[in-house]
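**Student:** My structure is in my_file.cif, and what it holds is mmCIF, C-alpha atoms and all ligand atoms:
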data_start
#
loop_
_atom_site.group_PDB
_atom_site.id
_atom_site.type_symbol
_atom_site.label_atom_id
_atom_site.label_comp_id
_atom_site.auth_asym_id
_atom_site.auth_seq_id
_atom_site.Cartn_x
_atom_site.Cartn_y
_atom_site.Cartn_z
ATOM 1 C CA MET A 1 0.000 0.000 0.000
ATOM 2 C CA GLY A 2 2.919 2.364 0.697
ATOM 3 C CA LEU A 3 3.725 2.696 -3.000
ATOM 4 C CA LEU A 4 0.211 3.979 -3.663
ATOM 5 C CA THR A 5 0.311 6.594 -0.926
ATOM 6 C CA PRO A 6 1.244 10.142 -1.946
ATOM 7 C CA ASP A 7 3.569 12.106 0.327
ATOM 8 C CA ILE A 8 1.493 15.260 -0.094
ATOM 9 C CA LEU A 9 -2.135 15.917 -1.059
ATOM 10 C CA VAL A 10 -3.082 19.272 -2.612
ATOM 11 C CA ASN A 11 -6.135 20.562 -4.407
ATOM 12 C CA HIS A 12 -4.476 22.180 -7.421
ATOM 13 C CA VAL A 13 -1.013 22.024 -8.932
ATOM 14 C CA ALA A 14 -0.586 25.753 -8.157
ATOM 15 C CA ASP A 15 -0.728 24.817 -4.459
ATOM 16 C CA VAL A 16 2.708 23.255 -4.932
ATOM 17 C CA THR A 17 4.631 26.405 -4.074
ATOM 18 C CA PRO A 18 8.356 27.059 -4.483
ATOM 19 C CA GLU A 19 8.514 27.483 -0.677
ATOM 20 C CA MET A 20 7.003 24.043 -0.116
ATOM 21 C CA LEU A 21 9.521 22.508 -2.497
ATOM 22 C CA ARG A 22 12.483 24.392 -1.084
ATOM 23 C CA ALA A 23 11.602 23.259 2.442
ATOM 24 C CA ARG A 24 11.956 19.663 1.240
ATOM 25 C CA GLY A 25 15.141 20.215 -0.722
ATOM 26 C CA ILE A 26 13.353 19.761 -4.030
ATOM 27 C CA ARG A 27 14.709 21.585 -7.084
ATOM 28 C CA ALA A 28 12.995 19.710 -9.917
ATOM 29 C CA VAL A 29 9.424 18.705 -10.736
ATOM 30 C CA VAL A 30 8.110 15.955 -12.985
ATOM 31 C CA THR A 31 4.478 16.618 -13.788
ATOM 32 C CA ASP A 32 1.612 14.778 -15.383
ATOM 33 C CA LEU A 33 -0.245 16.615 -18.176
ATOM 34 C CA ASP A 34 -3.906 15.631 -18.456
ATOM 35 C CA ASN A 35 -6.108 16.676 -15.570
ATOM 36 C CA THR A 36 -3.031 18.065 -13.793
ATOM 37 C CA LEU A 37 -1.841 20.940 -16.022
ATOM 38 C CA VAL A 38 -4.695 21.004 -18.534
ATOM 39 C CA PRO A 39 -8.179 19.469 -18.575
ATOM 40 C CA TRP A 40 -8.277 16.017 -20.123
ATOM 41 C CA ARG A 41 -7.377 16.395 -23.823
ATOM 42 C CA GLY A 42 -7.372 20.174 -23.361
ATOM 43 C CA THR A 43 -5.274 22.437 -25.545
ATOM 44 C CA ASP A 44 -5.511 25.740 -23.640
ATOM 45 C CA ILE A 45 -3.144 26.680 -20.840
ATOM 46 C CA ALA A 46 -4.857 28.479 -17.959
ATOM 47 C CA GLU A 47 -3.301 31.686 -16.621
ATOM 48 C CA GLU A 48 -2.979 30.042 -13.243
ATOM 49 C CA ILE A 49 -0.706 27.383 -14.748
ATOM 50 C CA THR A 50 1.400 29.939 -16.589
ATOM 51 C CA ALA A 51 1.832 31.924 -13.369
ATOM 52 C CA TRP A 52 2.733 28.788 -11.417
ATOM 53 C CA LEU A 53 5.380 27.775 -13.959
ATOM 54 C CA LEU A 54 6.838 31.290 -13.875
ATOM 55 C CA ALA A 55 7.062 31.197 -10.078
ATOM 56 C CA LEU A 56 8.900 27.857 -10.223
ATOM 57 C CA LYS A 57 11.226 29.156 -12.909
ATOM 58 C CA ASP A 58 12.025 32.222 -10.795
ATOM 59 C CA ALA A 59 12.803 29.902 -7.887
ATOM 60 C CA GLY A 60 15.160 27.850 -10.071
ATOM 61 C CA VAL A 61 12.914 24.773 -10.113
ATOM 62 C CA ALA A 62 13.090 22.890 -13.428
ATOM 63 C CA VAL A 63 9.901 21.222 -14.722
ATOM 64 C CA CYS A 64 9.408 18.246 -17.056
ATOM 65 C CA ILE A 65 6.133 16.701 -18.267
ATOM 66 C CA ALA A 66 5.781 12.915 -18.230
ATOM 67 C CA SER A 67 2.456 11.977 -19.825
ATOM 68 C CA ASN A 68 0.860 8.679 -20.777
ATOM 69 C CA THR A 69 -0.437 10.400 -23.854
ATOM 70 C CA ARG A 70 -1.465 8.805 -27.092
ATOM 71 C CA HIS A 71 -1.075 12.170 -28.819
ATOM 72 C CA PRO A 72 2.634 13.026 -28.704
ATOM 73 C CA SER A 73 2.292 16.042 -31.019
ATOM 74 C CA ARG A 74 -0.195 17.660 -28.623
ATOM 75 C CA LEU A 75 2.168 16.992 -25.708
ATOM 76 C CA GLU A 76 5.070 18.497 -27.641
ATOM 77 C CA ARG A 77 3.071 21.593 -28.554
ATOM 78 C CA LEU A 78 1.854 22.194 -24.999
ATOM 79 C CA ALA A 79 5.314 21.687 -23.478
ATOM 80 C CA GLU A 80 6.741 24.172 -25.942
ATOM 81 C CA GLN A 81 4.014 26.714 -25.177
ATOM 82 C CA MET A 82 4.667 26.309 -21.460
ATOM 83 C CA GLY A 83 8.415 26.546 -21.978
ATOM 84 C CA ILE A 84 9.145 23.343 -20.061
ATOM 85 C CA LEU A 85 10.767 19.995 -20.781
ATOM 86 C CA HIS A 86 8.884 16.818 -21.671
ATOM 87 C CA VAL A 87 9.538 13.115 -21.945
ATOM 88 C CA PRO A 88 9.009 12.435 -25.675
ATOM 89 C CA GLY A 89 6.043 10.187 -26.489
ATOM 90 C CA ASN A 90 4.246 8.021 -23.960
ATOM 91 C CA ALA A 91 5.940 7.985 -20.553
ATOM 92 C CA SER A 92 4.413 4.570 -19.678
ATOM 93 C CA LYS A 93 3.731 5.405 -16.022
ATOM 94 C CA PRO A 94 3.738 3.523 -13.641
ATOM 95 C CA ARG A 95 6.797 2.025 -15.312
ATOM 96 C CA ARG A 96 9.997 3.736 -14.266
ATOM 97 C CA ARG A 97 11.509 4.238 -17.699
ATOM 98 C CA GLY A 98 9.729 7.493 -18.501
ATOM 99 C CA LEU A 99 10.525 9.056 -15.151
ATOM 100 C CA ARG A 100 14.175 8.067 -15.487
ATOM 101 C CA ILE A 101 14.239 9.933 -18.783
ATOM 102 C CA ALA A 102 12.640 12.921 -17.033
ATOM 103 C CA LEU A 103 15.299 12.891 -14.277
ATOM 104 C CA ASN A 104 17.993 12.825 -16.950
ATOM 105 C CA LEU A 105 16.441 15.792 -18.743
ATOM 106 C CA LEU A 106 16.131 17.635 -15.435
ATOM 107 C CA ASN A 107 19.638 16.630 -14.414
ATOM 108 C CA ALA A 108 18.275 15.833 -10.952
ATOM 109 C CA GLY A 109 18.226 12.869 -8.597
ATOM 110 C CA PRO A 110 15.123 11.230 -7.090
ATOM 111 C CA THR A 111 15.541 12.801 -3.633
ATOM 112 C CA GLU A 112 15.586 16.333 -5.050
ATOM 113 C CA THR A 113 12.621 15.778 -7.375
ATOM 114 C CA ALA A 114 8.844 15.773 -6.907
ATOM 115 C CA MET A 115 6.306 13.901 -9.038
ATOM 116 C CA VAL A 116 2.999 15.751 -9.365
ATOM 117 C CA GLY A 117 -0.114 14.139 -10.833
ATOM 118 C CA ASP A 118 -3.785 13.337 -10.423
ATOM 119 C CA GLN A 119 -3.651 9.537 -10.488
ATOM 120 C CA LEU A 120 -2.467 7.067 -7.880
ATOM 121 C CA PHE A 121 -1.941 4.119 -10.219
ATOM 122 C CA THR A 122 0.226 5.972 -12.712
ATOM 123 C CA ASP A 123 1.707 9.193 -11.271
ATOM 124 C CA VAL A 124 2.036 8.361 -7.584
ATOM 125 C CA LEU A 125 2.991 4.735 -8.118
ATOM 126 C CA ALA A 126 5.685 5.619 -10.670
ATOM 127 C CA GLY A 127 7.062 8.397 -8.472
ATOM 128 C CA ASN A 128 7.152 6.276 -5.342
ATOM 129 C CA ARG A 129 8.806 3.390 -7.177
ATOM 130 C CA LEU A 130 11.692 5.701 -8.064
ATOM 131 C CA GLY A 131 11.870 7.347 -4.651
ATOM 132 C CA LEU A 132 10.572 10.765 -5.681
ATOM 133 C CA THR A 133 8.443 12.931 -3.393
ATOM 134 C CA THR A 134 4.915 12.301 -4.663
ATOM 135 C CA ILE A 135 2.211 14.958 -4.732
ATOM 136 C CA LEU A 136 -1.370 14.095 -5.640
ATOM 137 C CA VAL A 137 -3.639 16.825 -7.037
ATOM 138 C CA ASN A 138 -7.394 16.734 -7.553
ATOM 139 C CA PRO A 139 -8.151 16.071 -11.233
ATOM 140 C CA LEU A 140 -8.989 19.308 -13.077
ATOM 141 C CA THR A 141 -12.062 17.795 -14.695
ATOM 142 C CA THR A 142 -14.197 14.724 -14.317
ATOM 143 C CA ARG A 143 -13.986 14.080 -18.063
ATOM 144 C CA GLU A 144 -11.442 11.358 -18.702
ATOM 145 C CA PHE A 145 -10.772 7.991 -20.256
ATOM 146 C CA ILE A 146 -13.679 5.725 -19.346
ATOM 147 C CA GLY A 147 -11.392 2.972 -17.999
ATOM 148 C CA THR A 148 -9.803 5.459 -15.630
ATOM 149 C CA LYS A 149 -13.191 6.655 -14.497
ATOM 150 C CA LEU A 150 -14.670 3.243 -13.761
ATOM 151 C CA VAL A 151 -11.755 1.286 -12.389
ATOM 152 C CA SER A 152 -8.957 3.509 -11.100
ATOM 153 C CA ARG A 153 -11.037 6.248 -9.513
ATOM 154 C CA THR A 154 -13.127 3.865 -7.438
ATOM 155 C CA ALA A 155 -10.007 2.160 -6.116
ATOM 156 C CA GLU A 156 -8.334 5.534 -5.537
ATOM 157 C CA ARG A 157 -11.204 6.732 -3.369
ATOM 158 C CA TRP A 158 -10.961 3.554 -1.346
ATOM 159 C CA ILE A 159 -7.202 3.855 -0.841
ATOM 160 C CA LEU A 160 -7.262 7.583 -0.073
ATOM 161 C CA ARG A 161 -9.983 7.074 2.501
ATOM 162 C CA GLY A 162 -7.623 4.720 4.315
ATOM 163 C CA ALA A 163 -4.678 7.122 3.957
ATOM 164 C CA ARG A 164 -6.678 10.046 5.364
ATOM 165 C CA LYS A 165 -7.949 7.917 8.225
ATOM 166 C CA ARG A 166 -4.372 6.916 9.088
ATOM 167 C CA ALA A 167 -3.206 10.531 8.840
ATOM 168 C CA SER A 168 -5.902 11.752 11.222
ATOM 169 C CA SER A 169 -5.498 9.009 13.810
HETATM 170 MG MG MG A 201 -3.575 12.799 -15.373
#
Could you write out this structure as structure tokens?

**Tutor:**
Amino acid sequence: MGLLTPDILVNHVADVTPEMLRARGIRAVVTDLDNTLVPWRGTDIAEEITAWLLALKDAGVAVCIASNTRHPSRLERLAEQMGILHVPGNASKPRRRGLRIALNLLNAGPTETAMVGDQLFTDVLAGNRLGLTTILVNPLTTREFIGTKLVSRTAERWILRGARKRASS
């Protein structure tokens, strides 16, 4: 169960502040794309995201997208618009390969890197397997791949309920 437990829970990716990262010795961020930075399959970048990325940049925190996308050209375009790095193609989370590529691009080690995403079974699991600090955000929208909706989300609710219970006891 430990591998499915995020280190930090936040509502929105913008809640991951440079101060929070600095306090944990984190100087690099690997981030999910869909439902973390943009709505599922979205193509517009919200001002809030742009401001967040600027704040990280000012603080010297490098950012790299690792997405399980089936649309690499969209990923490439969005990463370029945001001015951040990306793992080319499908990052295959929760496998470690994609995140290893991200760490290489970021030139950072696992203990100085955070993995931010909205899914336990891909983002958090991959991050924990590599020893990154894992941060779970609430999904930006409820529109998503039907398999994710039916299977993963139900199990996520169940696991998070247990994690919150443990945290409060
Ligand atoms: Mg996602």

**Student:** Can you build me a table of chain A residues sitting at most 9 Å from ligand MG 201 (chain A), with the closest atom pair per residue and its distance in Å to one decimal, using all atoms listed in the file, sorted by chain and residue number, as JSON lines?

**Tutor:**
{"residue": "A:Asp32", "atom": "CA", "partner": "A:MG201", "partner_atom": "MG", "distance": 5.6}
{"residue": "A:Leu33", "atom": "CA", "partner": "A:MG201", "partner_atom": "MG", "distance": 5.8}
{"residue": "A:Asp34", "atom": "CA", "partner": "A:MG201", "partner_atom": "MG", "distance": 4.2}
{"residue": "A:Asn35", "atom": "CA", "partner": "A:MG201", "partner_atom": "MG", "distance": 4.6}
{"residue": "A:Thr36", "atom": "CA", "partner": "A:MG201", "partner_atom": "MG", "distance": 5.5}
{"residue": "A:Leu37", "atom": "CA", "partner": "A:MG201", "partner_atom": "MG", "distance": 8.3}
{"residue": "A:Val38", "atom": "CA", "partner": "A:MG201", "partner_atom": "MG", "distance": 8.9}
{"residue": "A:Pro39", "atom": "CA", "partner": "A:MG201", "partner_atom": "MG", "distance": 8.7}
{"residue": "A:Trp40", "atom": "CA", "partner": "A:MG201", "partner_atom": "MG", "distance": 7.4}
{"residue": "A:Ser67", "atom": "CA", "partner": "A:MG201", "partner_atom": "MG", "distance": 7.5}
{"residue": "A:Asn68", "atom": "CA", "partner": "A:MG201", "partner_atom": "MG", "distance": 8.1}
{"residue": "A:Gly117", "atom": "CA", "partner": "A:MG201", "partner_atom": "MG", "distance": 5.9}
{"residue": "A:Asp118", "atom": "CA", "partner": "A:MG201", "partner_atom": "MG", "distance": 5.0}
{"residue": "A:Gln119", "atom": "CA", "partner": "A:MG201", "partner_atom": "MG", "distance": 5.9}
{"residue": "A:Thr122", "atom": "CA", "partner": "A:MG201", "partner_atom": "MG", "distance": 8.3}
{"residue": "A:Asp123", "atom": "CA", "partner": "A:MG201", "partner_atom": "MG", "distance": 7.6}
{"residue": "A:Pro139", "atom": "CA", "partner": "A:MG201", "partner_atom": "MG", "distance": 7.0}
{"residue": "A:Leu140", "atom": "CA", "partner": "A:MG201", "partner_atom": "MG", "distance": 8.8}
{"residue": "A:Glu144", "atom": "CA", "partner": "A:MG201", "partner_atom": "MG", "distance": 8.7}

**Student:** To one decimal place in Å, what is the distance between atom CA of A:Arg153 and atom CA of A:Asn128?

**Tutor:**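 If I compute the distance from atom CA of A:Arg153 to atom CA of A:Asn128, I get 18.7 Å.
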
**Student:** Please measure the separation of atom CA of A:Ala91 and atom CA of A:Asn11, giving the value in Å to one decimal.

**Tutor:**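 So the two atoms, atom CA of A:Ala91 and atom CA of A:Asn11, lie 23.8 Å apart.
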
**Student:** Translate the PyMOL selection byres (((chain A and resi 134) around 12) and not hetatm) into a concrete residue list for this structure, as a count of residues only.

**Tutor:** 43

**Student:** Would you mind reading off the distance between atom CA of A:Arg95 and atom CA of A:Arg70, one decimal, in Å?

**Tutor:**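 A separation of 15.9 Å between them.
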
**Student:** Residues near A:Ala28, anyone? I mean within 6 Å using only C-alpha atoms, not counting same-chain ones fewer than 3 positions away, as a list in words.

**Tutor:**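 Counting only C-alpha atoms, the residues come to Val61, Ala62, Val63 and Thr113 of chain A.
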
**Student:** Can you tell me, as a list in words, what residues are no more than 10 Å from A:Gln81 when counting only C-alpha atoms, ignoring any on the same chain fewer than 6 positions away?

**Tutor:**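 The residues that qualify are Asp44, Ile45, Thr50 and Leu75 of chain A.
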
**Student:** Could you give me, as number ranges by chain, the residues within 6 Å of A:Ala102, counting only C-alpha atoms and dropping anything in the same chain fewer than 3 positions from it?

**Tutor:** A: 87, 99, 105

**Student:** Contacts of A:Thr43 at 9 Å or less, counting only C-alpha atoms, minus same-chain residues fewer than 5 places along, as number ranges by chain?

**Tutor:** A: 38, 74, 77-78

**Student:** Reconstruct N, CA and C atoms of stretch 57-87 of chain A from the incomplete input and present them as a PDB file, keeping the file's coordinate frame.

**Tutor:**
ATOM      1  N   LYS A  57      10.049  28.768 -12.130  1.00  0.00           N
ATOM      2  CA  LYS A  57      11.226  29.156 -12.909  1.00  0.00           C
ATOM      3  C   LYS A  57      12.049  30.192 -12.141  1.00  0.00           C
ATOM      4  N   ASP A  58      11.353  31.183 -11.591  1.00  0.00           N
ATOM      5  CA  ASP A  58      12.025  32.222 -10.795  1.00  0.00           C
ATOM      6  C   ASP A  58      12.762  31.626  -9.605  1.00  0.00           C
ATOM      7  N   ALA A  59      12.197  30.551  -9.058  1.00  0.00           N
ATOM      8  CA  ALA A  59      12.803  29.902  -7.887  1.00  0.00           C
ATOM      9  C   ALA A  59      13.887  28.899  -8.283  1.00  0.00           C
ATOM     10  N   GLY A  60      14.115  28.770  -9.601  1.00  0.00           N
ATOM     11  CA  GLY A  60      15.160  27.850 -10.071  1.00  0.00           C
ATOM     12  C   GLY A  60      14.746  26.399 -10.069  1.00  0.00           C
ATOM     13  N   VAL A  61      13.422  26.152 -10.073  1.00  0.00           N
ATOM     14  CA  VAL A  61      12.914  24.773 -10.113  1.00  0.00           C
ATOM     15  C   VAL A  61      12.629  24.383 -11.562  1.00  0.00           C
ATOM     16  N   ALA A  62      13.300  23.355 -12.055  1.00  0.00           N
ATOM     17  CA  ALA A  62      13.090  22.890 -13.428  1.00  0.00           C
ATOM     18  C   ALA A  62      11.877  21.964 -13.476  1.00  0.00           C
ATOM     19  N   VAL A  63      11.142  21.997 -14.601  1.00  0.00           N
ATOM     20  CA  VAL A  63       9.901  21.222 -14.722  1.00  0.00           C
ATOM     21  C   VAL A  63       9.919  20.392 -16.006  1.00  0.00           C
ATOM     22  N   CYS A  64       9.466  19.149 -15.894  1.00  0.00           N
ATOM     23  CA  CYS A  64       9.408  18.246 -17.056  1.00  0.00           C
ATOM     24  C   CYS A  64       8.084  17.484 -17.041  1.00  0.00           C
ATOM     25  N   ILE A  65       7.386  17.468 -18.170  1.00  0.00           N
ATOM     26  CA  ILE A  65       6.133  16.701 -18.267  1.00  0.00           C
ATOM     27  C   ILE A  65       6.439  15.246 -18.592  1.00  0.00           C
ATOM     28  N   ALA A  66       5.765  14.340 -17.877  1.00  0.00           N
ATOM     29  CA  ALA A  66       5.781  12.915 -18.230  1.00  0.00           C
ATOM     30  C   ALA A  66       4.324  12.493 -18.352  1.00  0.00           C
ATOM     31  N   SER A  67       3.872  12.245 -19.575  1.00  0.00           N
ATOM     32  CA  SER A  67       2.456  11.977 -19.825  1.00  0.00           C
ATOM     33  C   SER A  67       2.267  10.612 -20.483  1.00  0.00           C
ATOM     34  N   ASN A  68       1.212   9.926 -20.085  1.00  0.00           N
ATOM     35  CA  ASN A  68       0.860   8.679 -20.777  1.00  0.00           C
ATOM     36  C   ASN A  68      -0.028   8.993 -21.971  1.00  0.00           C
ATOM     37  N   THR A  69       0.404   9.920 -22.767  1.00  0.00           N
ATOM     38  CA  THR A  69      -0.437  10.400 -23.854  1.00  0.00           C
ATOM     39  C   THR A  69      -0.379   9.476 -25.058  1.00  0.00           C
ATOM     40  N   ARG A  70      -1.482   9.504 -25.808  1.00  0.00           N
ATOM     41  CA  ARG A  70      -1.465   8.805 -27.092  1.00  0.00           C
ATOM     42  C   ARG A  70      -1.384   9.828 -28.219  1.00  0.00           C
ATOM     43  N   HIS A  71      -1.159  11.080 -27.833  1.00  0.00           N
ATOM     44  CA  HIS A  71      -1.075  12.170 -28.819  1.00  0.00           C
ATOM     45  C   HIS A  71       0.205  12.972 -28.591  1.00  0.00           C
ATOM     46  N   PRO A  72       1.339  12.401 -28.989  1.00  0.00           N
ATOM     47  CA  PRO A  72       2.634  13.026 -28.704  1.00  0.00           C
ATOM     48  C   PRO A  72       2.780  14.428 -29.284  1.00  0.00           C
ATOM     49  N   SER A  73       2.119  14.710 -30.415  1.00  0.00           N
ATOM     50  CA  SER A  73       2.292  16.042 -31.019  1.00  0.00           C
ATOM     51  C   SER A  73       1.612  17.101 -30.148  1.00  0.00           C
ATOM     52  N   ARG A  74       0.494  16.741 -29.523  1.00  0.00           N
ATOM     53  CA  ARG A  74      -0.195  17.660 -28.623  1.00  0.00           C
ATOM     54  C   ARG A  74       0.675  17.926 -27.385  1.00  0.00           C
ATOM     55  N   LEU A  75       1.268  16.867 -26.854  1.00  0.00           N
ATOM     56  CA  LEU A  75       2.168  16.992 -25.708  1.00  0.00           C
ATOM     57  C   LEU A  75       3.331  17.925 -26.029  1.00  0.00           C
ATOM     58  N   GLU A  76       3.927  17.699 -27.201  1.00  0.00           N
ATOM     59  CA  GLU A  76       5.070  18.497 -27.641  1.00  0.00           C
ATOM     60  C   GLU A  76       4.704  19.978 -27.752  1.00  0.00           C
ATOM     61  N   ARG A  77       3.542  20.230 -28.345  1.00  0.00           N
ATOM     62  CA  ARG A  77       3.071  21.593 -28.554  1.00  0.00           C
ATOM     63  C   ARG A  77       2.834  22.295 -27.215  1.00  0.00           C
ATOM     64  N   LEU A  78       2.159  21.593 -26.302  1.00  0.00           N
ATOM     65  CA  LEU A  78       1.854  22.194 -24.999  1.00  0.00           C
ATOM     66  C   LEU A  78       3.125  22.463 -24.195  1.00  0.00           C
ATOM     67  N   ALA A  79       4.058  21.514 -24.218  1.00  0.00           N
ATOM     68  CA  ALA A  79       5.314  21.687 -23.478  1.00  0.00           C
ATOM     69  C   ALA A  79       6.074  22.898 -24.010  1.00  0.00           C
ATOM     70  N   GLU A  80       6.051  23.038 -25.330  1.00  0.00           N
ATOM     71  CA  GLU A  80       6.741  24.172 -25.942  1.00  0.00           C
ATOM     72  C   GLU A  80       6.078  25.490 -25.544  1.00  0.00           C
ATOM     73  N   GLN A  81       4.743  25.504 -25.572  1.00  0.00           N
ATOM     74  CA  GLN A  81       4.014  26.714 -25.177  1.00  0.00           C
ATOM     75  C   GLN A  81       4.284  27.071 -23.718  1.00  0.00           C
ATOM     76  N   MET A  82       4.434  26.054 -22.879  1.00  0.00           N
ATOM     77  CA  MET A  82       4.667  26.309 -21.460  1.00  0.00           C
ATOM     78  C   MET A  82       6.146  26.586 -21.173  1.00  0.00           C
ATOM     79  N   GLY A  83       6.987  26.304 -22.160  1.00  0.00           N
ATOM     80  CA  GLY A  83       8.415  26.546 -21.978  1.00  0.00           C
ATOM     81  C   GLY A  83       9.056  25.589 -20.998  1.00  0.00           C
ATOM     82  N   ILE A  84       8.560  24.334 -20.976  1.00  0.00           N
ATOM     83  CA  ILE A  84       9.145  23.343 -20.061  1.00  0.00           C
ATOM     84  C   ILE A  84       9.537  22.080 -20.830  1.00  0.00           C
ATOM     85  N   LEU A  85      10.292  21.227 -20.161  1.00  0.00           N
ATOM     86  CA  LEU A  85      10.767  19.995 -20.781  1.00  0.00           C
ATOM     87  C   LEU A  85       9.639  18.967 -20.858  1.00  0.00           C
ATOM     88  N   HIS A  86       9.832  17.932 -21.680  1.00  0.00           N
ATOM     89  CA  HIS A  86       8.884  16.818 -21.671  1.00  0.00           C
ATOM     90  C   HIS A  86       9.581  15.529 -22.077  1.00  0.00           C
ATOM     91  N   VAL A  87       9.086  14.437 -21.518  1.00  0.00           N
ATOM     92  CA  VAL A  87       9.538  13.115 -21.945  1.00  0.00           C
ATOM     93  C   VAL A  87       8.852  12.847 -23.279  1.00  0.00           C
TER      94      VAL A  87
END
